[in-house]
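Structure data follow from input-v6.txt (compact mmCIF, C-alpha atoms):
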```
# COMPACT_ATOMS: atom_id res chain seq x y z
CA MET A 1 -14.19 -16.00 2.84
CA SER A 2 -15.70 -13.65 0.28
CA VAL A 3 -15.81 -9.87 0.24
CA ILE A 4 -19.06 -7.98 -0.19
CA TYR A 5 -17.87 -4.84 -1.94
CA PRO A 6 -19.64 -1.59 -1.07
CA ALA A 7 -21.56 0.13 -3.86
CA ILE A 8 -19.71 2.88 -5.74
CA GLU A 9 -21.49 5.67 -7.56
CA PRO A 10 -20.09 7.57 -10.55
CA ARG A 11 -19.03 11.18 -10.16
CA ASN A 12 -21.83 13.69 -9.61
CA GLN A 13 -21.94 15.51 -12.94
CA GLU A 14 -24.34 18.17 -11.67
CA ALA A 15 -21.93 19.18 -8.89
CA SER A 16 -19.04 19.22 -11.38
CA GLU A 17 -20.95 21.47 -13.76
CA GLN A 18 -21.98 23.90 -11.01
CA THR A 19 -18.37 24.15 -9.86
CA ARG A 20 -17.18 24.64 -13.45
CA GLN A 21 -19.59 27.55 -13.85
CA HIS A 22 -18.43 29.06 -10.57
CA VAL A 23 -14.74 28.68 -11.50
CA ASP A 24 -15.42 30.49 -14.77
CA GLN A 25 -16.78 33.46 -12.80
CA LEU A 26 -13.70 33.85 -10.59
CA THR A 27 -11.52 36.94 -10.99
CA LYS A 28 -9.09 35.56 -13.54
CA PRO A 29 -8.98 34.96 -17.29
CA LEU A 30 -10.85 31.81 -18.34
CA GLY A 31 -8.70 28.74 -17.83
CA SER A 32 -5.75 30.71 -16.48
CA LEU A 33 -5.31 28.45 -13.45
CA GLY A 34 -4.98 25.46 -15.73
CA ARG A 35 -5.09 22.02 -14.15
CA LEU A 36 -6.04 23.51 -10.79
CA GLU A 37 -9.42 24.42 -12.28
CA GLN A 38 -9.98 20.92 -13.65
CA LEU A 39 -8.93 19.42 -10.34
CA ALA A 40 -11.53 21.51 -8.50
CA ILE A 41 -14.22 20.38 -10.95
CA GLU A 42 -13.20 16.73 -10.53
CA LEU A 43 -13.22 17.03 -6.72
CA ALA A 44 -16.75 18.42 -6.87
CA GLY A 45 -17.86 15.41 -8.89
CA MET A 46 -16.13 13.00 -6.53
CA THR A 47 -17.51 14.47 -3.33
CA GLY A 48 -20.86 15.61 -4.71
CA GLU A 49 -20.17 19.04 -3.19
CA THR A 50 -19.87 22.20 -5.29
CA MET A 51 -17.54 23.67 -2.65
CA PRO A 52 -15.54 20.54 -1.74
CA VAL A 53 -13.48 20.27 1.45
CA VAL A 54 -10.38 18.07 1.53
CA THR A 55 -8.96 18.73 5.01
CA PRO A 56 -7.96 16.86 6.98
CA PRO A 57 -6.42 14.19 4.76
CA GLY A 58 -5.97 10.66 6.08
CA VAL A 59 -2.77 8.65 5.59
CA LEU A 60 -3.02 4.86 5.87
CA VAL A 61 0.29 2.98 5.71
CA PHE A 62 0.08 -0.81 5.38
CA ALA A 63 3.11 -2.94 6.25
CA ALA A 64 3.88 -6.51 5.16
CA ASP A 65 6.79 -8.70 4.16
CA HIS A 66 7.42 -10.68 0.97
CA GLY A 67 8.90 -14.17 0.79
CA VAL A 68 10.44 -13.30 -2.59
CA ALA A 69 12.82 -10.94 -0.76
CA ARG A 70 14.94 -14.06 -0.11
CA GLU A 71 15.78 -14.11 -3.83
CA GLY A 72 17.96 -11.00 -3.66
CA VAL A 73 15.47 -8.61 -5.27
CA SER A 74 16.09 -5.80 -2.78
CA ALA A 75 19.11 -3.84 -1.66
CA TYR A 76 17.89 -4.08 1.95
CA PRO A 77 17.31 -7.13 4.20
CA GLN A 78 13.80 -8.16 5.19
CA GLU A 79 14.17 -7.11 8.83
CA VAL A 80 14.06 -3.48 7.65
CA THR A 81 10.27 -3.76 7.29
CA ALA A 82 9.68 -4.22 11.02
CA GLN A 83 12.32 -1.60 11.84
CA MET A 84 10.61 0.92 9.56
CA VAL A 85 7.23 0.22 11.16
CA LEU A 86 8.73 1.15 14.53
CA ASN A 87 10.30 4.25 12.99
CA MET A 88 6.89 5.24 11.61
CA VAL A 89 5.01 4.85 14.89
CA HIS A 90 7.69 7.03 16.49
CA GLY A 91 7.08 9.65 13.79
CA GLY A 92 10.53 9.47 12.19
CA ALA A 93 9.77 8.35 8.63
CA GLY A 94 9.55 10.64 5.61
CA VAL A 95 5.80 10.15 5.35
CA ASN A 96 5.38 11.13 9.02
CA VAL A 97 7.18 14.42 8.45
CA PHE A 98 5.14 15.34 5.39
CA ALA A 99 1.87 14.10 6.93
CA ARG A 100 2.43 16.35 9.95
CA GLN A 101 3.05 19.25 7.59
CA ILE A 102 -0.40 18.84 6.05
CA GLY A 103 -2.21 18.05 9.31
CA ALA A 104 -3.07 14.49 8.32
CA ILE A 105 -4.65 11.78 10.39
CA GLN A 106 -2.09 8.93 10.34
CA LYS A 107 -2.45 5.19 10.88
CA ILE A 108 0.12 2.40 10.43
CA VAL A 109 -1.28 -1.11 9.94
CA ASP A 110 0.62 -4.41 10.25
CA VAL A 111 -1.12 -6.67 7.75
CA GLY A 112 1.69 -9.22 7.46
CA VAL A 113 5.15 -8.22 8.71
CA ALA A 114 7.41 -11.28 9.11
CA VAL A 115 8.09 -10.48 12.77
CA GLU A 116 5.14 -9.19 14.77
CA VAL A 117 5.62 -5.56 15.73
CA GLU A 118 4.22 -4.87 19.17
CA ALA A 119 4.18 -1.14 19.75
CA PRO A 120 1.55 1.43 20.68
CA GLY A 121 0.17 2.95 17.51
CA VAL A 122 0.49 -0.15 15.32
CA TYR A 123 -2.86 -1.56 14.23
CA ASN A 124 -2.49 -5.33 14.32
CA LYS A 125 -4.40 -6.77 11.36
CA ARG A 126 -1.92 -9.53 10.61
CA ILE A 127 -3.04 -12.20 8.18
CA ARG A 128 0.20 -14.16 8.05
CA ALA A 129 3.92 -13.59 8.68
CA GLY A 130 4.72 -12.36 5.18
CA THR A 131 3.82 -13.90 1.86
CA GLY A 132 5.23 -17.12 0.51
CA ASN A 133 8.26 -17.01 -1.77
CA MET A 134 6.39 -16.77 -5.05
CA LEU A 135 9.34 -18.18 -6.94
CA LYS A 136 8.45 -21.47 -5.24
CA GLU A 137 4.77 -21.15 -4.23
CA ALA A 138 1.82 -18.79 -4.48
CA ALA A 139 2.26 -15.59 -2.51
CA MET A 140 -0.88 -16.37 -0.51
CA SER A 141 -4.12 -18.32 -0.61
CA ALA A 142 -7.26 -16.93 -2.21
CA ASP A 143 -8.75 -16.58 1.27
CA GLU A 144 -5.75 -14.59 2.50
CA ALA A 145 -5.94 -12.31 -0.55
CA THR A 146 -9.60 -11.66 0.18
CA ARG A 147 -8.83 -10.97 3.84
CA SER A 148 -6.17 -8.41 2.89
CA ILE A 149 -8.76 -6.48 0.88
CA SER A 150 -11.17 -6.67 3.82
CA VAL A 151 -8.51 -5.17 6.12
CA GLY A 152 -8.20 -2.24 3.71
CA LEU A 153 -11.94 -1.71 3.58
CA GLU A 154 -12.10 -1.77 7.38
CA MET A 155 -9.24 0.69 7.86
CA ALA A 156 -10.59 3.10 5.25
CA GLU A 157 -13.90 3.12 7.08
CA ALA A 158 -12.08 3.81 10.35
CA ILE A 159 -10.00 6.74 9.13
CA ILE A 160 -12.94 8.28 7.24
CA GLY A 161 -14.97 7.87 10.41
CA GLU A 162 -12.37 10.00 12.17
CA GLY A 163 -12.90 12.77 9.62
CA ALA A 164 -10.51 12.13 6.73
CA LYS A 165 -11.72 13.95 3.60
CA VAL A 166 -9.05 12.62 1.22
CA LEU A 167 -7.33 9.23 1.49
CA ILE A 168 -3.62 8.66 0.92
CA VAL A 169 -2.45 5.05 1.04
CA GLY A 170 1.17 4.10 1.57
CA GLU A 171 3.19 0.99 2.24
CA VAL A 172 6.32 -0.45 3.77
CA GLY A 173 7.58 -3.91 2.83
CA ILE A 174 10.93 -5.12 1.50
CA GLY A 175 10.31 -6.82 -1.85
CA ASN A 176 7.08 -5.03 -2.68
CA THR A 177 8.23 -3.45 -5.95
CA THR A 178 8.86 -7.00 -7.20
CA ALA A 179 5.31 -8.04 -6.30
CA SER A 180 3.91 -4.84 -7.80
CA SER A 181 5.81 -5.43 -11.03
CA ALA A 182 4.44 -8.96 -11.22
CA ILE A 183 0.88 -7.72 -10.63
CA LEU A 184 1.26 -5.03 -13.29
CA SER A 185 2.65 -7.50 -15.83
CA ALA A 186 -0.10 -10.00 -15.04
CA LEU A 187 -2.93 -7.46 -15.35
CA THR A 188 -1.69 -5.62 -18.45
CA GLY A 189 0.72 -7.92 -20.27
CA ALA A 190 3.53 -5.41 -19.76
CA ASP A 191 7.04 -6.74 -20.41
CA PRO A 192 9.02 -7.03 -17.15
CA GLU A 193 12.05 -5.72 -19.05
CA GLN A 194 10.23 -2.40 -19.48
CA ILE A 195 8.58 -1.96 -16.08
CA VAL A 196 10.85 -3.52 -13.44
CA GLY A 197 12.93 -0.87 -11.69
CA ARG A 198 15.74 -0.81 -9.17
CA GLY A 199 13.41 -0.46 -6.18
CA THR A 200 15.45 0.35 -3.08
CA GLY A 201 18.58 0.91 -5.18
CA LEU A 202 19.75 -2.37 -6.72
CA ASP A 203 23.01 -2.54 -8.64
CA ASP A 204 22.98 -3.74 -12.25
CA ALA A 205 23.34 -7.42 -11.34
CA GLY A 206 20.54 -7.21 -8.77
CA TRP A 207 18.31 -5.39 -11.25
CA GLN A 208 18.77 -8.11 -13.88
CA ARG A 209 18.07 -10.78 -11.25
CA LYS A 210 14.88 -8.97 -10.21
CA LYS A 211 13.61 -8.85 -13.80
CA ALA A 212 14.37 -12.55 -14.22
CA VAL A 213 12.50 -13.36 -10.99
CA VAL A 214 9.38 -11.51 -12.19
CA ARG A 215 9.46 -13.37 -15.52
CA GLU A 216 9.89 -16.73 -13.76
CA VAL A 217 7.10 -16.00 -11.28
CA LEU A 218 4.64 -15.18 -14.07
CA ALA A 219 5.60 -18.30 -16.03
CA LEU A 220 5.24 -20.48 -12.94
CA HIS A 221 1.86 -19.25 -11.68
CA ARG A 222 0.18 -18.01 -14.88
CA PRO A 223 -2.13 -15.59 -13.00
CA ASP A 224 -5.49 -14.96 -14.65
CA ALA A 225 -5.60 -11.35 -15.88
CA THR A 226 -9.40 -11.44 -15.84
CA ASN A 227 -9.45 -12.36 -12.15
CA PRO A 228 -7.79 -9.67 -9.97
CA LEU A 229 -8.00 -11.81 -6.84
CA ASP A 230 -6.17 -14.63 -8.60
CA VAL A 231 -3.41 -12.21 -9.57
CA LEU A 232 -3.17 -10.84 -6.02
CA ALA A 233 -3.07 -14.30 -4.45
CA LYS A 234 -0.46 -15.75 -6.78
CA VAL A 235 2.00 -12.86 -7.23
CA GLY A 236 0.86 -10.04 -4.93
CA GLY A 237 1.40 -8.75 -1.44
CA LEU A 238 -0.73 -8.46 1.68
CA GLU A 239 -0.17 -4.69 1.91
CA ILE A 240 -0.99 -4.29 -1.79
CA GLY A 241 -4.32 -6.05 -1.26
CA ALA A 242 -5.02 -3.90 1.78
CA MET A 243 -4.28 -0.71 -0.18
CA ALA A 244 -6.64 -1.86 -2.94
CA GLY A 245 -9.35 -2.50 -0.37
CA ALA A 246 -8.84 0.91 1.24
CA ILE A 247 -9.09 2.60 -2.15
CA ILE A 248 -12.36 0.80 -2.88
CA GLY A 249 -13.66 1.76 0.57
CA ALA A 250 -12.83 5.43 0.06
CA ALA A 251 -14.50 5.52 -3.35
CA SER A 252 -17.65 3.99 -1.87
CA ARG A 253 -17.78 6.90 0.59
CA ARG A 254 -17.15 9.52 -2.14
CA VAL A 255 -13.75 10.28 -0.61
CA PRO A 256 -11.08 11.18 -3.20
CA VAL A 257 -7.93 9.03 -3.24
CA LEU A 258 -4.62 10.82 -3.78
CA LEU A 259 -2.23 8.24 -5.20
CA ASP A 260 1.39 7.85 -4.23
CA GLY A 261 4.03 6.03 -6.27
CA PHE A 262 4.41 2.77 -8.12
CA ILE A 263 3.14 0.34 -5.48
CA ALA A 264 0.12 2.42 -4.45
CA THR A 265 -0.80 3.02 -8.10
CA VAL A 266 -0.58 -0.70 -8.88
CA ALA A 267 -2.89 -1.26 -5.90
CA ALA A 268 -5.24 1.31 -7.46
CA LEU A 269 -5.17 -0.56 -10.78
CA LEU A 270 -6.04 -3.74 -8.90
CA ALA A 271 -8.94 -1.89 -7.22
CA VAL A 272 -10.18 -0.60 -10.58
CA ARG A 273 -10.08 -4.11 -12.04
CA ILE A 274 -12.23 -5.26 -9.10
CA GLU A 275 -14.60 -2.24 -9.15
CA PRO A 276 -14.22 -0.12 -12.32
CA LEU A 277 -15.97 2.98 -10.91
CA VAL A 278 -13.06 3.37 -8.47
CA ALA A 279 -11.26 5.15 -11.35
CA ASP A 280 -13.60 8.14 -10.90
CA TYR A 281 -12.09 8.82 -7.47
CA LEU A 282 -8.37 8.65 -8.23
CA ILE A 283 -5.96 11.60 -8.39
CA ALA A 284 -2.34 10.88 -9.32
CA GLY A 285 -0.15 12.69 -6.81
CA HIS A 286 3.21 12.33 -8.51
CA ARG A 287 5.33 10.43 -11.01
CA SER A 288 8.05 8.36 -9.34
CA GLU A 289 11.39 7.17 -10.68
CA GLU A 290 10.17 3.57 -11.02
CA PRO A 291 9.74 2.85 -14.76
CA GLY A 292 6.56 0.88 -14.12
CA HIS A 293 4.89 3.88 -12.53
CA GLU A 294 4.60 5.76 -15.81
CA PHE A 295 3.15 2.62 -17.39
CA VAL A 296 0.48 2.10 -14.72
CA LEU A 297 -0.44 5.81 -14.73
CA GLN A 298 -1.10 5.52 -18.46
CA ALA A 299 -3.13 2.36 -17.91
CA LEU A 300 -5.32 4.33 -15.48
CA GLY A 301 -5.42 7.42 -17.71
CA LYS A 302 -4.06 9.67 -14.95
CA GLU A 303 -1.67 12.60 -15.25
CA PRO A 304 0.36 13.23 -12.06
CA LEU A 305 0.44 16.57 -10.29
CA LEU A 306 4.16 16.44 -9.46
CA SER A 307 7.34 14.91 -10.81
CA LEU A 308 10.10 15.20 -8.21
CA LYS A 309 12.20 12.07 -8.95
CA LEU A 310 10.91 10.40 -5.78
CA ARG A 311 11.15 6.67 -5.08
CA LEU A 312 10.56 6.38 -1.34
CA GLY A 313 6.99 5.09 -1.22
CA GLU A 314 5.22 5.12 2.16
CA GLY A 315 2.66 7.61 0.79
CA SER A 316 5.32 10.36 0.86
CA GLY A 317 4.84 11.70 -2.67
CA ALA A 318 1.08 11.95 -2.25
CA THR A 319 1.46 13.91 0.99
CA LEU A 320 3.72 16.35 -0.87
CA ALA A 321 1.08 16.73 -3.60
CA PHE A 322 -1.77 17.32 -1.15
CA PRO A 323 -1.28 21.13 -0.86
CA ILE A 324 -2.07 21.39 -4.58
CA VAL A 325 -5.34 19.52 -4.01
CA GLU A 326 -6.16 21.80 -1.11
CA ALA A 327 -5.29 24.86 -3.21
CA ALA A 328 -7.87 23.80 -5.80
CA THR A 329 -10.60 23.80 -3.15
CA ARG A 330 -9.43 27.07 -1.63
CA MET A 331 -9.58 28.65 -5.08
CA VAL A 332 -13.25 27.68 -5.35
CA ARG A 333 -14.17 28.70 -1.82
CA GLU A 334 -12.11 31.85 -1.33
CA MET A 335 -11.49 33.61 -4.65
CA ALA A 336 -13.84 36.46 -5.46
CA THR A 337 -16.09 36.36 -8.49
CA PHE A 338 -16.19 39.23 -10.97
CA ALA A 339 -19.60 40.22 -9.58
CA SER A 340 -18.66 40.10 -5.88
CA ALA A 341 -15.41 42.03 -6.45
CA GLY A 342 -16.90 44.60 -8.79
CA VAL A 343 -14.37 43.72 -11.51
CA SER A 344 -15.35 44.00 -15.15
CA ASP A 345 -15.65 40.61 -16.78
CA ARG A 346 -14.86 41.75 -20.32
```
Turn this file's structure into structure tokens for me.
Amino acid sequence: MSVIYPAIEPRNQEASEQTRQHVDQLTKPLGSLGRLEQLAIELAGMTGETMPVVTPPGVLVFAADHGVAREGVSAYPQEVTAQMVLNMVHGGAGVNVFARQIGAIQKIVDVGVAVEVEAPGVYNKRIRAGTGNMLKEAAMSADEATRSISVGLEMAEAIIGEGAKVLIVGEVGIGNTTASSAILSALTGADPEQIVGRGTGLDDAGWQRKKAVVREVLALHRPDATNPLDVLAKVGGLEIGAMAGAIIGAASRRVPVLLDGFIATVAALLAVRIEPLVADYLIAGHRSEEPGHEFVLQALGKEPLLSLKLRLGEGSGATLAFPIVEAATRMVREMATFASAGVSDR
């Protein structure tokens, strides 16, 4: 199976410039709203609209398991993945709470949980029952990696079709910070010693074991940094591939992508390596506690909106950052200009 990627256009510079001129006429000193002004200008370029609208946002959470979890790289057992999916469809997870707060459209997608989760509200897009243990075999086949990206493209199209104006992608999957660390190391050459974090809360011994596993996985499979699909197949995750596909799909529809933490941002890097113009549509929601997150943000050239010491994942940090994105558009649409308010400009 091969993926036909949708065409992605660069940002609309004319829309950005018109919005910049409008922002400069608002009743405030030039530049006094700082990054909020730049964010509004970027959103105009992404959407092609001088008065961009970002509500409602859409939250897509992809769930999958990782065979490498059997190597003791997580503080939680693998069965937590399926349990958390059920918690999410019942609205009890952190991301559900914050998504409700911002009026988001929410979807949870099983793309490869080890035990099939049969519950109303779970989109069944299963490719396989978790990845292989990449310490012993490739995480998945090239065909399965391609299919995971296709699932993401399909689900992005679905949630945008329901009206989502900004996309937030999240994930649930025990072991996925290990896979994300391996992807990041493979794509950038980053030293696992510098980027591998404690994930769900490993003790010192578990943390050292996790770093050793990432080094061994990379030495075993030697993923090709010039071939993102090879990296995904050998050391990645089904939900990471799906997130990358969803990000590509959103960019192709001129829908901004508000990035969550380490795993989602690694998925974004993977998407950019597949389709470089995706970078034009990315907004970094926050900086997480995972050491690799700062590294991948720098690789993408993105400065996060928040830094709250989060490390939950699920899309939670991005949902918390969304009100800032909405504020940027409200500033453009609702603030008076000097002329309309009868205020002297100088």
Handout entry: Between atom CA of A:Gln13 and atom CA of A:Ala279, distance in Å (one decimal)
Key = 15.0 Å
Practice task
Give the answer as one residue: which of A:Ala268, A:Gly237, A:Ile41, A:Glu193 has the shortest atom-to-atom distance to A:His22, using only C-alpha atoms?
Solution key: A:Ile41
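For the residues A:Gly342, A:Gly58, A:Gly34, A:Gly163, ranking by smallest atom-to-atom distance to A:Ala318 using only C-alpha atoms places A:Gly58 first.
The two atoms in question, atom CA of A:Gly285 and atom CA of A:Leu258, are spaced 5.7 Å apart.
Residue nearest A:His286, chosen from A:Gly301, A:Gly45, A:Gly173, A:Gly315 and counting only C-alpha atoms: A:Gly315.
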Exercise for the section: With a distance cut-off of 6 Å and all atoms listed in the file, select the neighbouring residues of A:Met243, excluding the residue or stretch itself and same-chain residues fewer than 2 positions from it, and output the selection as a list in words. Expected result: Gly152, Ile240, Gly241, Gly245, Ala246 and Ala267 of chain A
Restrict the selected residues to C-alpha atoms and save them as an mmCIF file, in the coordinates of the input.
```
data_model
loop_
_atom_site.group_PDB
_atom_site.id
_atom_site.type_symbol
_atom_site.label_atom_id
_atom_site.label_comp_id
_atom_site.auth_asym_id
_atom_site.auth_seq_id
_atom_site.Cartn_x
_atom_site.Cartn_y
_atom_site.Cartn_z
ATOM 1 C CA GLY A 152 -8.200 -2.240 3.710
ATOM 2 C CA ILE A 240 -0.990 -4.290 -1.790
ATOM 3 C CA GLY A 241 -4.320 -6.050 -1.260
ATOM 4 C CA GLY A 245 -9.350 -2.500 -0.370
ATOM 5 C CA ALA A 246 -8.840 0.910 1.240
ATOM 6 C CA ALA A 267 -2.890 -1.260 -5.900
#
```
Exercise for the section: Show which residues sit within 10 Å of A:Pro120, as an MDAnalysis selection string. Count only C-alpha atoms, and ignore same-chain residues fewer than 4 positions away. Expected result: chainID A and resid 86 89:90
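Atom CA of A:Ile102 is found 18.6 Å from atom CA of A:Glu171.
Nearest residue to A:Thr146 among A:Val117, A:Ala327, A:Ile174, A:Met1 is A:Met1, counting only C-alpha atoms.
Residues having any atom no farther than 10 Å from (-15.7, -2.0, 2.1) (counting only C-alpha atoms) are A:Val3, A:Ile4, A:Tyr5, A:Pro6, A:Ala7, A:Ile149, A:Ser150, A:Val151, A:Gly152, A:Leu153, A:Glu154, A:Met155, A:Ala156, A:Glu157, A:Gly245, A:Ala246, A:Ile247, A:Ile248, A:Gly249, A:Ala250, A:Ala251, A:Ser252, A:Arg253.
Between A:Leu269 and the residues A:Asp203, A:Leu187, A:Phe338, A:Val343, the shortest atom-to-atom distance, using only C-alpha atoms, involves A:Leu187.
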Problem - Of the listed residues A:Gly112, A:Gly206, A:Pro291, A:Gly91, that which approaches A:Ala129 most closely, counting all atoms listed in the file - result: A:Gly112
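Within 7 Å of A:Val23, once all atoms listed in the file are used and residues closer than 3 positions along the same chain are dropped, the contacting residues are A:Thr19, A:Arg20, A:Leu26, A:Glu37, A:Val332.
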Practice task
Tell me which protein, DNA and RNA residues are within 9 Å of A:Ser316, counting all atoms listed in the file, leaving out same-chain ones fewer than 2 positions away, and put them as a ChimeraX atom specification.
Solution key: /A:94-99,170,260-261,310,312-314,318-321
Go ahead and write the selection's residues with C-alpha atoms as an mmCIF file, keeping the file's coordinate frame.
```cif
data_model
loop_
_atom_site.group_PDB
_atom_site.id
_atom_site.type_symbol
_atom_site.label_atom_id
_atom_site.label_comp_id
_atom_site.auth_asym_id
_atom_site.auth_seq_id
_atom_site.Cartn_x
_atom_site.Cartn_y
_atom_site.Cartn_z
ATOM 1 C CA GLY A 94 9.550 10.640 5.610
ATOM 2 C CA VAL A 95 5.800 10.150 5.350
ATOM 3 C CA ASN A 96 5.380 11.130 9.020
ATOM 4 C CA VAL A 97 7.180 14.420 8.450
ATOM 5 C CA PHE A 98 5.140 15.340 5.390
ATOM 6 C CA ALA A 99 1.870 14.100 6.930
ATOM 7 C CA GLY A 170 1.170 4.100 1.570
ATOM 8 C CA ASP A 260 1.390 7.850 -4.230
ATOM 9 C CA GLY A 261 4.030 6.030 -6.270
ATOM 10 C CA LEU A 310 10.910 10.400 -5.780
ATOM 11 C CA LEU A 312 10.560 6.380 -1.340
ATOM 12 C CA GLY A 313 6.990 5.090 -1.220
ATOM 13 C CA GLU A 314 5.220 5.120 2.160
ATOM 14 C CA ALA A 318 1.080 11.950 -2.250
ATOM 15 C CA THR A 319 1.460 13.910 0.990
ATOM 16 C CA LEU A 320 3.720 16.350 -0.870
ATOM 17 C CA ALA A 321 1.080 16.730 -3.600
#
```
Exercise for the section: Compile the contact shell of A:Ser181 as a list in words: residues with an atom at most 7 Å away, counting all atoms listed in the file, same-chain residues fewer than 3 positions apart removed. Expected result: Thr177, Thr178, Leu184, Ser185, Ile195 and Val196 of chain A
Return stretch 71-83 of chain A, completed with N, CA, C and O atoms, as a PDB file, in the coordinates of the input.
```pdb
ATOM      1  N   GLU A  71      15.142 -13.860  -2.529  1.00  0.00           N
ATOM      2  CA  GLU A  71      15.780 -14.110  -3.830  1.00  0.00           C
ATOM      3  C   GLU A  71      16.702 -12.965  -4.263  1.00  0.00           C
ATOM      4  O   GLU A  71      17.117 -12.905  -5.427  1.00  0.00           O
ATOM      5  N   GLY A  72      17.020 -12.063  -3.349  1.00  0.00           N
ATOM      6  CA  GLY A  72      17.960 -11.000  -3.660  1.00  0.00           C
ATOM      7  C   GLY A  72      17.405  -9.911  -4.563  1.00  0.00           C
ATOM      8  O   GLY A  72      18.136  -9.341  -5.373  1.00  0.00           O
ATOM      9  N   VAL A  73      16.105  -9.614  -4.405  1.00  0.00           N
ATOM     10  CA  VAL A  73      15.470  -8.610  -5.270  1.00  0.00           C
ATOM     11  C   VAL A  73      15.439  -7.225  -4.629  1.00  0.00           C
ATOM     12  O   VAL A  73      14.868  -6.296  -5.184  1.00  0.00           O
ATOM     13  N   SER A  74      16.060  -7.084  -3.457  1.00  0.00           N
ATOM     14  CA  SER A  74      16.090  -5.800  -2.780  1.00  0.00           C
ATOM     15  C   SER A  74      17.492  -5.518  -2.277  1.00  0.00           C
ATOM     16  O   SER A  74      18.258  -6.434  -1.954  1.00  0.00           O
ATOM     17  N   ALA A  75      17.813  -4.237  -2.199  1.00  0.00           N
ATOM     18  CA  ALA A  75      19.110  -3.840  -1.660  1.00  0.00           C
ATOM     19  C   ALA A  75      19.141  -3.873  -0.138  1.00  0.00           C
ATOM     20  O   ALA A  75      20.199  -3.730   0.470  1.00  0.00           O
ATOM     21  N   TYR A  76      17.984  -4.074   0.493  1.00  0.00           N
ATOM     22  CA  TYR A  76      17.890  -4.080   1.950  1.00  0.00           C
ATOM     23  C   TYR A  76      17.380  -5.433   2.440  1.00  0.00           C
ATOM     24  O   TYR A  76      16.588  -6.096   1.758  1.00  0.00           O
ATOM     25  N   PRO A  77      17.801  -5.866   3.640  1.00  0.00           N
ATOM     26  CA  PRO A  77      17.310  -7.130   4.200  1.00  0.00           C
ATOM     27  C   PRO A  77      15.868  -7.009   4.689  1.00  0.00           C
ATOM     28  O   PRO A  77      15.383  -5.903   4.965  1.00  0.00           O
ATOM     29  N   GLN A  78      15.214  -8.153   4.848  1.00  0.00           N
ATOM     30  CA  GLN A  78      13.800  -8.160   5.190  1.00  0.00           C
ATOM     31  C   GLN A  78      13.503  -7.553   6.553  1.00  0.00           C
ATOM     32  O   GLN A  78      12.432  -6.965   6.753  1.00  0.00           O
ATOM     33  N   GLU A  79      14.447  -7.635   7.490  1.00  0.00           N
ATOM     34  CA  GLU A  79      14.170  -7.110   8.830  1.00  0.00           C
ATOM     35  C   GLU A  79      13.950  -5.595   8.837  1.00  0.00           C
ATOM     36  O   GLU A  79      13.444  -5.040   9.812  1.00  0.00           O
ATOM     37  N   VAL A  80      14.287  -4.921   7.742  1.00  0.00           N
ATOM     38  CA  VAL A  80      14.060  -3.480   7.650  1.00  0.00           C
ATOM     39  C   VAL A  80      12.572  -3.141   7.729  1.00  0.00           C
ATOM     40  O   VAL A  80      12.198  -2.081   8.238  1.00  0.00           O
ATOM     41  N   THR A  81      11.715  -4.040   7.249  1.00  0.00           N
ATOM     42  CA  THR A  81      10.270  -3.760   7.290  1.00  0.00           C
ATOM     43  C   THR A  81       9.804  -3.488   8.710  1.00  0.00           C
ATOM     44  O   THR A  81       9.186  -2.449   8.986  1.00  0.00           O
ATOM     45  N   ALA A  82      10.103  -4.397   9.626  1.00  0.00           N
ATOM     46  CA  ALA A  82       9.680  -4.220  11.020  1.00  0.00           C
ATOM     47  C   ALA A  82      10.345  -2.992  11.633  1.00  0.00           C
ATOM     48  O   ALA A  82       9.712  -2.244  12.402  1.00  0.00           O
ATOM     49  N   GLN A  83      11.618  -2.759  11.308  1.00  0.00           N
ATOM     50  CA  GLN A  83      12.320  -1.600  11.840  1.00  0.00           C
ATOM     51  C   GLN A  83      11.682  -0.300  11.360  1.00  0.00           C
ATOM     52  O   GLN A  83      11.571   0.675  12.122  1.00  0.00           O
TER      53      GLN A  83
END
```
